[in-house]
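**Q** This is the content of input_37.txt (compact mmCIF, C-alpha atoms):
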# COMPACT_ATOMS: atom_id res chain seq x y z
CA MET A 1 8.65 8.08 -15.28
CA LYS A 2 7.23 4.57 -15.20
CA LYS A 3 9.91 3.70 -12.66
CA ALA A 4 8.68 6.48 -10.39
CA LEU A 5 5.16 5.10 -10.53
CA PHE A 6 6.17 1.53 -9.78
CA MET A 7 8.36 2.57 -6.87
CA ALA A 8 5.57 4.54 -5.27
CA LEU A 9 3.12 1.68 -5.67
CA ALA A 10 5.59 -0.83 -4.29
CA VAL A 11 6.22 1.27 -1.18
CA LEU A 12 2.67 2.06 -0.15
CA PRO A 13 1.19 -1.42 0.45
CA VAL A 14 4.04 -2.61 2.67
CA LEU A 15 4.93 0.39 4.82
CA PHE A 16 2.69 -0.72 7.66
CA ALA A 17 4.01 -4.26 7.29
CA CYS A 18 7.51 -3.16 8.09
CA ASN A 19 6.87 -0.79 10.96
CA LYS A 20 9.00 -1.55 13.97
CA ASN A 21 7.38 0.67 16.55
CA ASN A 22 4.15 2.23 17.70
CA SER A 23 3.14 5.14 19.89
CA SER A 24 0.78 4.93 22.82
CA THR A 25 -1.78 7.67 22.28
CA ASP A 26 -5.47 7.31 23.16
CA THR A 27 -7.14 4.09 22.02
CA SER A 28 -10.33 4.35 24.06
CA THR A 29 -12.59 3.63 21.07
CA LEU A 30 -10.73 0.46 20.05
CA GLU A 31 -12.71 -2.63 21.00
CA PRO A 32 -10.74 -5.80 21.86
CA PRO A 33 -10.40 -8.07 18.78
CA LYS A 34 -13.13 -10.69 18.83
CA ASN A 35 -10.75 -13.66 18.88
CA ALA A 36 -7.99 -12.22 21.06
CA LYS A 37 -7.94 -15.24 23.38
CA GLU A 38 -8.03 -17.87 20.61
CA ALA A 39 -5.33 -16.37 18.36
CA LYS A 40 -2.35 -18.61 17.66
CA LYS A 41 0.19 -19.59 15.02
CA VAL A 42 0.51 -23.25 14.01
CA VAL A 43 3.52 -24.59 12.07
CA VAL A 44 2.89 -28.04 10.57
CA LYS A 45 5.77 -30.54 10.82
CA GLU A 46 4.45 -33.42 8.70
CA GLU A 47 2.45 -33.36 5.49
CA ILE A 48 -1.21 -32.42 5.62
CA LYS A 49 -2.81 -32.47 2.17
CA ILE A 50 -5.49 -29.87 1.55
CA THR A 51 -7.80 -28.90 -1.31
CA THR A 52 -8.54 -25.19 -1.77
CA SER A 53 -11.86 -23.66 -2.75
CA ASP A 54 -10.61 -23.40 -6.33
CA LYS A 55 -9.55 -27.08 -6.32
CA LYS A 56 -5.79 -26.70 -5.92
CA GLU A 57 -4.09 -29.70 -4.27
CA LEU A 58 -1.61 -28.36 -1.71
CA SER A 59 0.41 -29.24 1.36
CA LEU A 60 -0.36 -27.08 4.41
CA LYS A 61 2.78 -25.63 6.02
CA GLU A 62 1.42 -23.15 8.57
CA ILE A 63 -1.69 -21.24 9.59
CA ASN A 64 -1.93 -18.10 11.68
CA PHE A 65 -5.25 -17.54 13.45
CA MET A 66 -5.27 -13.78 13.92
CA ARG A 67 -6.94 -11.96 16.79
CA SER A 68 -9.36 -10.30 14.37
CA GLY A 69 -10.97 -13.57 13.29
CA ARG A 70 -8.98 -13.73 10.05
CA TYR A 71 -6.48 -16.42 9.15
CA VAL A 72 -3.50 -16.49 6.84
CA ALA A 73 -2.09 -19.85 5.80
CA VAL A 74 0.95 -20.89 3.79
CA ALA A 75 0.83 -23.97 1.59
CA GLU A 76 2.97 -25.53 -1.12
CA ILE A 77 2.04 -27.20 -4.37
CA LEU A 78 2.35 -30.96 -3.88
CA LEU A 79 5.61 -32.41 -5.23
CA LYS A 80 6.89 -28.89 -5.87
CA ALA A 81 8.56 -27.71 -2.68
CA SER A 82 9.31 -24.02 -2.03
CA ASN A 83 6.52 -22.84 -4.33
CA GLU A 84 4.46 -21.15 -1.64
CA ILE A 85 0.85 -20.01 -1.92
CA VAL A 86 -0.83 -17.64 0.56
CA LEU A 87 -4.40 -18.54 1.58
CA THR A 88 -6.74 -16.30 3.54
CA GLY A 89 -10.23 -16.22 4.98
CA THR A 90 -12.13 -16.02 8.25
CA TYR A 91 -12.68 -18.39 11.15
CA THR A 92 -14.95 -19.00 14.11
CA VAL A 93 -14.21 -20.96 17.29
CA SER A 94 -16.52 -23.34 19.14
CA ASN A 95 -15.39 -25.76 21.88
CA GLY A 96 -11.78 -25.35 20.78
CA ASN A 97 -12.50 -26.18 17.15
CA TYR A 98 -11.59 -23.60 14.50
CA THR A 99 -13.95 -23.55 11.52
CA VAL A 100 -12.19 -21.87 8.60
CA THR A 101 -13.88 -20.58 5.45
CA GLY A 102 -12.49 -18.82 2.41
CA ASP A 103 -9.57 -20.18 0.42
CA ILE A 104 -9.79 -23.34 2.52
CA ASN A 105 -12.84 -24.83 4.24
CA ALA A 106 -12.16 -27.12 7.16
CA THR A 107 -12.34 -27.69 10.90
CA ILE A 108 -9.01 -27.44 12.73
CA SER A 109 -8.18 -28.38 16.29
CA THR A 110 -4.85 -28.20 18.09
CA THR A 111 -3.11 -29.36 21.23
CA SER A 112 0.14 -27.88 22.52
CA ASP A 113 2.06 -29.84 19.87
CA THR A 114 -0.37 -31.22 17.26
CA ILE A 115 -2.82 -30.07 14.60
CA THR A 116 -5.83 -32.02 13.30
CA TYR A 117 -7.30 -30.92 9.98
CA THR A 118 -10.75 -32.13 8.85
CA ASP A 119 -11.84 -31.18 5.34
CA THR A 120 -15.39 -29.85 5.26
CA ALA A 121 -16.33 -31.38 1.89
CA SER A 122 -14.78 -34.86 2.21
CA GLY A 123 -14.73 -35.29 5.97
CA GLU A 124 -11.16 -36.61 5.72
CA GLU A 125 -9.17 -36.11 8.94
CA GLN A 126 -5.37 -35.70 9.13
CA THR A 127 -3.16 -35.12 12.17
CA SER A 128 0.43 -33.88 12.32
CA PRO A 129 2.93 -32.81 14.99
CA ALA A 130 3.06 -29.02 15.10
CA THR A 131 4.57 -26.03 16.82
CA VAL A 132 1.67 -24.11 18.36
CA THR A 133 2.36 -20.56 19.56
CA PRO A 134 -0.46 -18.57 21.24
CA SER A 135 -0.61 -14.84 20.53
CA ASN A 136 -0.14 -13.93 24.24
CA VAL A 137 -0.42 -10.16 23.81
CA GLN A 138 -0.16 -7.98 26.91
CA GLU A 139 -3.23 -5.77 27.40
CA GLY A 140 -2.52 -2.12 26.59
CA SER A 141 0.77 -2.85 24.79
CA ALA A 142 1.67 -1.64 21.30
CA GLN A 143 0.96 -5.15 20.05
CA ASP A 144 -2.50 -5.05 21.66
CA LYS A 145 -3.28 -1.88 19.72
CA ALA A 146 -1.82 -2.99 16.39
CA TYR A 147 -2.69 -6.69 16.20
CA ARG A 148 -6.06 -6.50 14.47
CA THR A 149 -7.49 -5.89 11.00
CA TRP A 150 -7.26 -2.43 9.43
CA LYS A 151 -8.48 -0.72 6.26
CA LEU A 152 -7.77 2.62 4.63
CA GLN A 153 -10.01 5.26 6.17
CA GLY A 154 -12.27 5.40 3.13
CA ASP A 155 -11.97 8.93 1.79
CA SER A 156 -9.61 10.96 -0.37
CA ASN A 157 -7.37 11.65 2.62
CA ALA A 158 -6.45 7.99 3.24
CA ILE A 159 -3.10 8.42 1.44
CA ILE A 160 -1.49 11.86 1.34
CA LEU A 161 1.75 12.21 -0.62
CA GLU A 162 3.84 15.36 -0.79
CA PHE A 163 6.29 15.02 -3.69
CA GLN A 164 7.28 17.84 -5.99
CA SER A 165 6.82 15.48 -8.95
CA LEU A 166 3.16 15.06 -7.92
CA GLY A 167 2.60 18.81 -7.72
CA GLY A 168 3.01 19.12 -3.96
CA LYS A 169 0.33 17.57 -1.76
CA ALA A 170 -1.72 14.87 -3.49
CA LYS A 171 -4.55 12.96 -1.81
CA TYR A 172 -5.75 9.48 -2.71
CA ALA A 173 -8.31 7.00 -1.43
CA ASN A 174 -6.37 3.99 -2.70
CA ILE A 175 -3.76 2.85 -5.22
CA SER A 176 -6.17 3.10 -8.16
CA ASN A 177 -6.67 6.82 -7.48
CA LEU A 178 -2.92 7.34 -7.71
CA VAL A 179 -2.66 5.33 -10.94
CA ASN A 180 -5.50 7.23 -12.56
CA ASP A 181 -4.06 10.59 -11.46
CA LEU A 182 -0.76 10.06 -13.26
CA VAL A 183 -2.00 11.63 -16.47
CA ASN A 184 -2.24 14.91 -14.59
CA HIS A 185 1.50 14.73 -13.87
CA GLU A 186 2.69 13.68 -17.33
CA ILE A 187 3.43 10.15 -16.16
CA THR A 188 2.31 7.54 -18.68
CA ILE A 189 2.06 3.77 -18.47
CA ASP A 190 0.93 1.20 -21.00
CA GLN A 191 -2.58 -0.17 -20.55
CA GLN A 192 -1.58 -3.74 -19.70
CA LYS A 193 0.63 -2.69 -16.80
CA LYS A 194 -1.93 -0.14 -15.67
CA GLU A 195 -4.65 -2.80 -15.40
CA LYS A 196 -2.32 -4.99 -13.34
CA LEU A 197 -1.51 -2.16 -10.93
CA LEU A 198 -5.18 -1.30 -10.49
CA GLY A 199 -5.60 -4.72 -8.89
CA TYR A 200 -3.53 -3.63 -5.90
CA ASP A 201 -6.23 -1.59 -4.22
CA ILE A 202 -5.94 -2.48 -0.52
CA VAL A 203 -9.03 -4.22 0.87
CA ASP A 204 -7.73 -4.78 4.41
CA ILE A 205 -4.55 -5.36 6.41
CA SER A 206 -4.35 -7.91 9.25
CA LEU A 207 -1.54 -8.05 11.82
CA ASP A 208 -0.70 -10.67 14.46
CA ASN A 209 2.18 -12.81 15.73
CA ASN A 210 4.66 -10.52 13.93
CA GLU A 211 2.98 -11.36 10.63
CA ILE A 212 0.93 -9.36 8.18
CA VAL A 213 -1.45 -10.22 5.39
CA ILE A 214 -2.67 -7.57 2.96
CA ASN A 215 -5.73 -8.45 0.87
CA PHE A 216 -5.94 -6.67 -2.47
CA SER A 217 -8.98 -6.13 -4.67
CA LYS A 218 -7.75 -8.38 -7.50
CA ALA A 219 -4.10 -9.30 -6.92
CA ASN A 220 -2.89 -12.18 -4.76
CA PRO A 221 -2.53 -11.44 -1.02
CA PHE A 222 0.78 -10.16 0.32
CA LYS A 223 2.23 -11.95 3.35
CA GLY A 224 5.21 -10.62 5.27
CA SER A 225 6.72 -10.21 8.70
CA PHE A 226 7.66 -7.27 10.90
CA ILE A 227 9.11 -6.40 14.30
CA LEU A 228 6.97 -4.41 16.69
CA SER A 229 8.28 -2.75 19.85
CA ASP A 230 7.09 0.03 22.14
CA ASN A 231 9.26 2.87 20.79
CA LEU A 232 7.88 5.73 18.74
CA THR A 233 9.69 5.59 15.39
CA PHE A 234 10.31 3.13 12.60
CA THR A 235 12.65 2.73 9.66
CA TYR A 236 11.93 0.95 6.41
CA ASP A 237 14.05 -0.31 3.54
CA LEU A 238 12.66 -1.51 0.23
CA SER A 239 14.32 -3.39 -2.57
CA ALA A 240 11.59 -4.71 -4.81
CA PHE A 241 11.75 -6.25 -8.26
CA MET A 242 8.68 -5.42 -10.34
CA THR A 243 8.07 -5.63 -14.09
CA GLY A 244 11.78 -5.67 -14.90
CA ASP A 245 12.82 -2.63 -12.85
CA VAL A 246 14.56 -2.49 -9.46
CA PHE A 247 13.59 0.21 -6.96
CA GLN A 248 15.07 1.37 -3.68
CA ALA A 249 13.45 3.61 -1.11
CA LYS A 250 14.07 4.48 2.52
CA ALA A 251 11.58 5.87 4.99
CA ASN A 252 11.55 6.88 8.61
CA GLY A 253 8.72 8.22 10.67
CA SER A 254 6.21 7.40 13.38
CA ILE A 255 2.89 5.72 14.01
CA ALA A 256 0.28 7.12 16.39
CA PHE A 257 -3.05 5.66 17.48
CA GLU A 258 -5.91 8.13 17.55
CA GLY A 259 -9.25 6.65 18.60
CA ASN A 260 -9.92 3.82 16.16
CA LYS A 261 -7.26 5.02 13.71
CA ALA A 262 -3.57 4.37 13.12
CA VAL A 263 -1.89 7.40 11.53
CA ILE A 264 1.43 6.70 9.83
CA THR A 265 3.66 9.67 8.95
CA MET A 266 7.02 9.32 7.23
CA ASN A 267 9.77 10.90 5.22
CA VAL A 268 10.61 8.98 2.04
CA GLU A 269 13.93 9.06 0.17
CA SER A 270 13.72 7.65 -3.34
CA SER A 271 16.54 6.55 -5.61
CA ILE A 272 14.37 7.55 -8.58
CA GLU A 273 15.52 11.03 -9.55
CA LYS A 274 12.28 12.09 -11.24
CA LEU A 275 10.23 11.14 -8.20
CA GLY A 276 12.59 12.73 -5.69
CA ASN A 277 12.08 12.82 -1.93
CA GLY A 278 8.89 13.60 -0.09
CA THR A 279 6.57 12.80 2.79
CA ALA A 280 3.60 10.50 3.15
CA THR A 281 0.71 10.11 5.59
CA ILE A 282 -1.46 7.00 5.61
CA THR A 283 -4.54 6.72 7.82
CA LEU A 284 -5.94 3.29 8.70
CA VAL A 285 -9.19 2.52 10.52
CA ALA A 286 -9.60 -0.52 12.76
CA VAL A 287 -12.08 -3.08 11.41
CA ASN A 288 -11.97 -5.44 14.38
Please, can you express the file's structure as C-alpha cells?

**A**
Amino acid sequence: MKKALFMALAVLPVLFACNKNNSSTDTSTLEPPKNAKEAKKVVVKEEIKITTSDKKELSLKEINFMRSGRYVAVAEILLKASNEIVLTGTYTVSNGNYTVTGDINATISTTSDTITYTDTASGEEQTSPATVTPSNVQEGSAQDKAYRTWKLQGDSNAIILEFQSLGGKAKYANISNLVNDLVNHEITIDQQKKEKLLGYDIVDISLDNNEIVINFSKANPFKGSFILSDNLTFTYDLSAFMTGDVFQAKANGSIAFEGNKAVITMNVESSIEKLGNGTATITLVAVN
C-alpha cells in the first residue's frame, strides 16, 4: 500500500506541469500579470559565478523571468558539471534592470545577446554572451491565461480524488491532508518517509516560456517543462523513481478557466493494483 501512496503523491504535483492544452472559457476576472512585458528567458553561454543566499558557490546556467514577477534559475555547483540546482525568488524591473531577491540577490541586465550580473553584496559585475528569448505571448491566447502564478484554491475541495481504494470521493486541501488521511484507509507508512512527504505541500506554481516551477513548503522546488497549445485536452505519462519504488500512471482530461481559476479534470490509470483507476479534479487560483 505504500506504493499506492507514493504514486498518488508523485502524480499530483506535476499534472499541471505536463498539460498540453487549455480551454478558452471566461477569464474576465484575470488581471494581466504584472511583468507581462518584461518576461524573458536568458540562457548563459559563458561562466557567471554566483553566491546564493545560503552561501553556495555556483555557476549560473539560465534564468527565466516569469510574467508573474517570479524567477526560476538553474545553476551548477562549480567544478561539478551536470549537478543542477533550482533557485527561485521574485524580481522587480526599473529602467531595464532586473533586481532579483530570494535564493540569489543581484541586479541583472540584458541586451539581445548578453547578460550582465551584478552581485548585490559584493558589487562584482560579470558579463556573458547569452540567448535572450522574450515571452511574446499573444493576448487572449491559452498561454496568456496560463502563464502566471497559481496556488491551490485554499479549501478542502482543492484536490478531489475518486478512487475506490480511498472510499470513493475524497477531498483534500493539499498533499499533507492526503498523507494524514491514509490511516482512515488502512494505508500505513513509516514516520521518516511520512515526514519527508509532508514537505511536498504546494505553495505555488508558476508557468512561463514552456517552463514550470513548483514551490513546496519544505522540499526543494520542482522545475520542469511542458507544451501548451490551444486544444481542449491533455495527456500525461509518469515514470517516477521515489524511495526505491517505480510507479507508472497515465491520465487524460481537460483544463478549463473559470474566472480566476483553472479547473483540471482527469481520468487516471494506475499500474498499482491496490490503488486502481479513478478520477481527479484540481482547482487552482491565480495569484498574479

**Q** CA of Val263 (chain A) and CA of Phe65 (chain A), how far apart in Å?

**A**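 The value is 25.2 Å.
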
**Q** Return the padded bounding box of region 89-98 of chain A as JSON: axis-aligned, built from all atoms listed in the file, 6 Å added on each side, with centre and edge lengths in Å to one decimal.

**A**
{"center_x": -13.4, "center_y": -21.1, "center_z": 13.4, "size_x": 18.3, "size_y": 22.2, "size_z": 28.9}

**Q** What's the separation between CA of Leu284 (chain A) and CA of Leu166 (chain A), in Å to one decimal place?

**A** 22.3 Å

**Q** Under the rule that all atoms listed in the file are counted, which of A:Ser141, A:Ser217, A:Thr188, A:Thr101 is the nearest residue to Asn174 (chain A)?

**A**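 That would be A:Ser217, the residue with the smallest distance to Asn174 (chain A).
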
**Q** Take the point (0.4, -31.2, 2.2) in the file's coordinates, draw a sphere of radius 10 Å around it, and report as a VMD selection string every protein, DNA or RNA residue with an atom inside or on it, counting all atoms listed in the file.

**A** chain A and resid 44 46 to 51 57 to 61 75 to 79

**Q** Which residues of region 150-223 of chain A sit at most 10 Å from region 35-41 of chain A, using only C-alpha atoms? Give each one's shortest atom pair and distance in Å (one decimal place), in chain and ascending residue order, as CSV.

**A**
residue,atom,partner,partner_atom,distance
A:Asp208,CA,A:Ala39,CA,8.3
A:Asn209,CA,A:Lys41,CA,7.1
A:Glu211,CA,A:Lys41,CA,9.7

**Q** Is there a way to get, as a list in words, all residues within 7 Å of the point (-12.2, -25.6, 7.9) in file coordinates, counting all atoms listed in the file?

**A**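 Output of the proximity query reads Tyr98, Thr99, Val100, Thr101, Ile104, Asn105, Ala106, Thr107, Ile108, Thr118, Asp119 and Thr120 of chain A.
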
**Q** When you draw a straight line from CA of Lys55 (chain A) to CA of Val43 (chain A), how long is it in Å?

**A**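 Between CA of Lys55 (chain A) and CA of Val43 (chain A) the gap is 22.7 Å.
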
**Q** Give the answer as one residue: which of A:Met66, A:Gly224, A:Ala286, A:His185 has the shortest atom-to-atom distance to Phe163 (chain A), using all atoms listed in the file?

**A**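 For Phe163 (chain A), the nearest of the candidates is A:His185.
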
**Q** Show me, as a list in words, the residues that have an atom within 7 Å of Asn288 (chain A) when counting only C-alpha atoms, minus same-chain residues fewer than 2 positions from it.

**A**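 Once the adjacent positions are removed, what remains is Pro33, Lys34, Ser68, Arg148, Thr149 and Ala286 of chain A.
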
**Q** Just checking: using only C-alpha atoms, which residue out of A:Val93, A:Leu182, A:Leu87, A:Ala280 ends up closest to Asn64 (chain A)?

**A** A:Leu87
